[in-house]
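Following: one structure in structure tokens, then a few remarks.
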Amino acid sequence: MLPFEEQVVADLVEDPNGGLVVLSSGFPLASLAAALLLHLQHSGEAEAGGCLLVLSAPDPLKARIRLRLQDRLQVHDVPPDLPAQQRASLYATGAALFLSPRALAADLLTSRLHPSRVRALLLLSAHRSSDTSSDAFIARLLRQRHLLPVYAFSDRPHAMVAGFSKAERAMKSLYVRRLHLWPRFHVLAAADLERTPPDVVDVRVPMTPAMRGIQAAVLAAMDACLKELRRTNKVDVDDLTVDKGLFKSFDEIVRRQLDPIWHTLGKKTKQLVADLRTLRKLLDYLVRYDAVTYLKYLDTLRVSEGVRSVWILADSSHKIFELAKRRVYQAAREDGMKLSTDNKGTPTKKRKVAHNSTDKGKETENKDSIAGKHDTQKVNAYPGIVLEEVLEEAPKWKVLWELLQEIAEEQTKGDGDNLQDEDDSGIVLVTCKDERTCFQLQECISKGPHQVMREEWEKYLLGKAELHGLQKKNKKKSEQPKGFGVLDGEVQMGPSESAGPISISKLETNALLAAASALRNMTKEDDVKDGSNVSCSKRGLVKGKAKGKSKKTTEKRQASNKKGKSKGANDNGQDTALEEGQSGKADERADIDNSKVSTDNAFVSDSTAANACNYSSDFRGLANGKSLPPAQFHALDSDQHVLDVWKPSIIIVYHPDITFVREIEVYKAENPLRKLKVYFLFYEDSTEVQKFESSIRLENEAFESLIRQKSLMMIPVDQDGRCIGPTLANEPEPLLFQNSVTRKAGGKRAPEKEMQVIVDMREFMSSLPNVLHQKGIRIVPVTLEVGDYVLSPLICVERKSIADLFQSFASGRLYNQVETMARYYKIPVLLIEFSQEKSFSFQSASEIGDDVSPTNIISKLSLLVLHFPRLRIVWSRSLHATAEIFISLKTNQDEPDEKKAIRVGVPSEDGIVEDDVRAENYNTSAIEFLRRLPGVTDSNYRAIMDGCNSLAELALLPVEELAELMGSQKGARTLKEFLDAKCPTML
């Protein structure tokens, strides 16, 4: 442990009440929790025994705590589905336990675990604590009868300043008095981490002109959306900045302000909030994914967002789609001229159109379909139109490869110079944001980036063809001669089509589909020839098709490639200088990269394609010629701590993240003698750099705000030294208890019986049992077959949140739940509970129609009430309002019986439900079948049941007896005709 970590634990155990520790993101939370558990275990052995409870720990954090403790202390994991007897035996051992709040709350309420048997409570997600959270519920249950310390940790300083006095309210709900703040700029922490810092190299990678153009367009669209949102005057203007819009927390800030008035907002304002989230993803994916994947994501956005989105209608959105497409391919005329897209999609010159037969068109397509391996690819999709494949590779791929080469050379030199460093493992750790990027980088190193881009491009083309095939199936088939169609490599040209211009988007679509068709046909042919050589056939696709090309087209293609290479000569020279500069210092890299960025801002597709081909050949030559150091790829999204496991000597941070940077600092401070070199890969002048720097600044601002709150914080303390939180002592007494008896010396009469509510065990995942306990109601946790809450022998409540209500209607589960409640209880209640922070409304007034619609939630509720007339619907604005409603419903009602509530709805061995409240032990399936027969209504089905014992007896009754039972001659004839009707057969 580092000295500042020991100081954190020492400060925390000084106060017998415990305390709340707020750490910088990335600080060793697992190490602190393990050290605290060891300290409590040793102090507990000297004093009285008791178990240590650890709540709300995610699985990766549990693994890290166990790794730190190893053999010194064993921590048992108690899953919520573990039987109650085994949980009780684990409590009796006095060990350290990982628990879920739901099971622990039920065990405390049923006295399986007495608070005196608990030595301390550890909470590892204190930023989620509030007066209605499950952590606060457990802290209140434990400290009602026993004074024990509560130790709370949080490594999310942003979350501790979200909302009004969040830290102070969390401390009151957890009954702690001291707040310990440990930011990165703390004197002790900074001294420990900066004593032996790692060697850091900052590599700034220039973005391609297309990437810079897309980034500028997305930022312009985001700024336009923010300006539109400011005009609504519904949101605090200080929070609406592009800098804050780069983070996920921005969505929470906006939604927290708009949720209470969400039902009053127009469609445009709601769409603006969704558009800002989409634009942030576009910025993130631009620097994370390759060009083909990015274009694929934009295609899905174009379909899913459609005309609803505000940002798609902005001026800059056209630039986003155009540049993303230009990174992958370009449509050009066969004579080398680029197609202009400024005139709404019509080419500037007239095109020559061949009206020849199908066979001739196919022959032309086969000749001009695919070019040489390292040349620009052109596919003839329409007479006079060709596709030029660009397949722009991510600039970071090349820099990563050069870094690995440089590391390999340094390691070979180091092995020859000195061999005394045994701690140097030689492992290179490459950290990425997600597992997909890790896998793609591994493919780039093994196959080369050009091959990876080719595979992504082939997947893209095949996906386009498959989607087009589905669309053609859904549409009505138009009559056309057999053998025509885009997927056959041709476009049918009628007299009307040849006369008028065709849009460029249509031509590009046809070109893509023709390329996909050629690729699919070539794959099929190669599979027929040699089924075992699938991957080789795809690689040989380029060469095989190039043999059949005409000499004229080949010469034209070579001339265009030479032209493109001469245009890109300066770029190639700059690339060479960049390669040489990678082995120098970081500032030299930055100067070279800056000079490269400033030389040429024009985006020329031919030169880009030529450079891509040269780069890929260099990549393969290096891969075959020299060996690379052992590299491990780690996804930051997995939340695994791998530094102590792999012990790398070199770390390449492919996607910079502030949390991982702190983990590197702590790892180096814990191992001062181990050599460690860290490379940071940033896209220069990108939102990636801006986001990283903003995250550091926002964390510092959060800690400064917490320091100010701590100096002004007022926490009241009662006689026992406990914090006064939202307990029963502070709540006003219910009306039921305020029954003053003035004849007896003016004193209040004590209640005869404590109010109690029987609660289903599954409901402890919500906060309502916590709020009911705050109101002074005794909670009885059991497993209920019918309903969620039993308030009295007559009243049963099924509670639904808004999201759960929509899901229950969609699945049909709500119908069955209400049906069983209506069968066994006299007053079935459906409680619809809204969130306190959100609007108390299902829909806007403008969205409610006059007609009954099967998709409308109001229509579904109306049909439910019509089908179950005894059902009562209760609308609650918040959790506290629900508790008040329950108290008012229980007035003048008997207390529910726990044993009867458990037995309701549970059949015995004979299939008969014991102690049925309505005493209707009928065959419910037969009753439902009877009520659906024609002629049977709600008014006569009971008389039919009394008149015959079974459905078989009903089918044998004559019409006269049926008319007496049903009270209608017409209904009796209808039923008899239905029962006697013959079933049609296949013969």
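Ordering of the structure tokens sets the chain letters (A, B, ...), residue numbers begin anew at 1 in every chain, and ligands are numbered from 1 in the order given.
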All residues 10 Å or closer to Leu441 (chain A), only C-alpha atoms, same chain fewer than 3 positions away omitted, as a ChimeraX atom specification | /A:397,400-401,430,432,435-438,444-449,452,633
Contacts of region 151-166 of chain A within 6 Å, only C-alpha atoms, excl. fewer than 5 positions in-chain, as number ranges by chain = A: 18-25, 122-127, 702
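Put simply, CA of Leu957 (chain A) is 17.2 Å away from CA of Ala926 (chain A).
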Write out as a PyMOL selection string all residues of region 755-984 of chain A that backbone DSSP assigns to strand (DSSP E).
-> chain A and resi 756-760+778-782+789-790+795-801+827-833+872-876
Store the residues picked out above, limited to N, CA and C atoms, as a short mmCIF file (atom, residue, chain, number, x, y, z; two decimals), in the first residue's frame.
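out_26.cif, freshly written:
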```
data_model
loop_
_atom_site.label_atom_id
_atom_site.label_comp_id
_atom_site.auth_asym_id
_atom_site.auth_seq_id
_atom_site.Cartn_x
_atom_site.Cartn_y
_atom_site.Cartn_z
N GLN A 756 -49.11 -2.99 9.76
CA GLN A 756 -48.17 -3.84 9.03
C GLN A 756 -48.67 -4.07 7.62
N VAL A 757 -47.70 -4.27 6.72
CA VAL A 757 -47.98 -4.53 5.31
C VAL A 757 -47.16 -5.75 4.91
N ILE A 758 -47.83 -6.70 4.27
CA ILE A 758 -47.13 -7.90 3.77
C ILE A 758 -46.60 -7.58 2.37
N VAL A 759 -45.28 -7.75 2.19
CA VAL A 759 -44.60 -7.33 0.97
C VAL A 759 -43.96 -8.55 0.32
N ASP A 760 -44.12 -8.63 -1.00
CA ASP A 760 -43.47 -9.70 -1.76
C ASP A 760 -41.96 -9.48 -1.77
N ARG A 778 -44.79 -1.58 9.83
CA ARG A 778 -44.00 -2.81 9.95
C ARG A 778 -44.07 -3.56 8.63
N ILE A 779 -42.90 -3.94 8.12
CA ILE A 779 -42.80 -4.65 6.85
C ILE A 779 -42.63 -6.14 7.12
N VAL A 780 -43.46 -6.96 6.47
CA VAL A 780 -43.37 -8.42 6.62
C VAL A 780 -42.99 -8.99 5.25
N PRO A 781 -41.72 -9.35 5.04
CA PRO A 781 -41.32 -9.87 3.73
C PRO A 781 -41.62 -11.37 3.60
N VAL A 782 -42.41 -11.73 2.59
CA VAL A 782 -42.72 -13.13 2.29
C VAL A 782 -42.72 -13.28 0.77
N TYR A 789 -48.39 -6.34 -2.67
CA TYR A 789 -48.58 -5.84 -1.31
C TYR A 789 -49.98 -6.27 -0.85
N VAL A 790 -50.06 -6.78 0.35
CA VAL A 790 -51.35 -7.12 0.96
C VAL A 790 -51.55 -6.16 2.13
N ILE A 795 -57.83 -6.25 0.71
CA ILE A 795 -57.16 -5.37 -0.25
C ILE A 795 -55.81 -5.98 -0.65
N CYS A 796 -55.65 -6.18 -1.96
CA CYS A 796 -54.38 -6.64 -2.51
C CYS A 796 -53.96 -5.64 -3.60
N VAL A 797 -52.66 -5.30 -3.63
CA VAL A 797 -52.16 -4.26 -4.53
C VAL A 797 -51.12 -4.86 -5.46
N GLU A 798 -51.26 -4.58 -6.74
CA GLU A 798 -50.23 -4.89 -7.74
C GLU A 798 -49.60 -3.56 -8.15
N ARG A 799 -48.31 -3.41 -7.85
CA ARG A 799 -47.63 -2.13 -8.11
C ARG A 799 -46.90 -2.18 -9.46
N LYS A 800 -47.07 -1.13 -10.24
CA LYS A 800 -46.42 -1.04 -11.55
C LYS A 800 -45.76 0.33 -11.70
N SER A 801 -44.48 0.31 -12.04
CA SER A 801 -43.87 1.55 -12.51
C SER A 801 -44.26 1.78 -13.96
N ILE A 827 -61.16 -6.53 -3.01
CA ILE A 827 -60.80 -5.21 -3.55
C ILE A 827 -59.41 -5.32 -4.21
N PRO A 828 -59.34 -5.70 -5.48
CA PRO A 828 -58.04 -5.69 -6.18
C PRO A 828 -57.67 -4.26 -6.60
N VAL A 829 -56.41 -3.90 -6.40
CA VAL A 829 -55.95 -2.54 -6.67
C VAL A 829 -54.75 -2.60 -7.60
N LEU A 830 -54.78 -1.80 -8.65
CA LEU A 830 -53.62 -1.61 -9.53
C LEU A 830 -53.02 -0.24 -9.22
N LEU A 831 -51.80 -0.25 -8.69
CA LEU A 831 -51.12 1.00 -8.32
C LEU A 831 -50.16 1.37 -9.44
N ILE A 832 -50.37 2.52 -10.05
CA ILE A 832 -49.48 3.03 -11.10
C ILE A 832 -48.65 4.15 -10.47
N GLU A 833 -47.36 3.90 -10.36
CA GLU A 833 -46.48 4.80 -9.61
C GLU A 833 -45.53 5.53 -10.55
N ARG A 872 -59.66 -1.51 -8.94
CA ARG A 872 -59.48 -0.10 -8.58
C ARG A 872 -58.08 0.34 -9.04
N ILE A 873 -58.01 1.44 -9.76
CA ILE A 873 -56.72 1.98 -10.23
C ILE A 873 -56.35 3.17 -9.37
N VAL A 874 -55.16 3.13 -8.78
CA VAL A 874 -54.66 4.21 -7.92
C VAL A 874 -53.45 4.83 -8.61
N TRP A 875 -53.49 6.15 -8.77
CA TRP A 875 -52.38 6.88 -9.40
C TRP A 875 -51.56 7.54 -8.30
N SER A 876 -50.25 7.31 -8.32
CA SER A 876 -49.39 7.88 -7.29
C SER A 876 -48.30 8.72 -7.95
#
```
Can you list every residue in region 159-233 of chain A that DSSP puts in alpha helix (DSSP H), as a VMD selection string?
-> chain A and resid 159 to 160 166 to 174 187 to 193 209 to 231
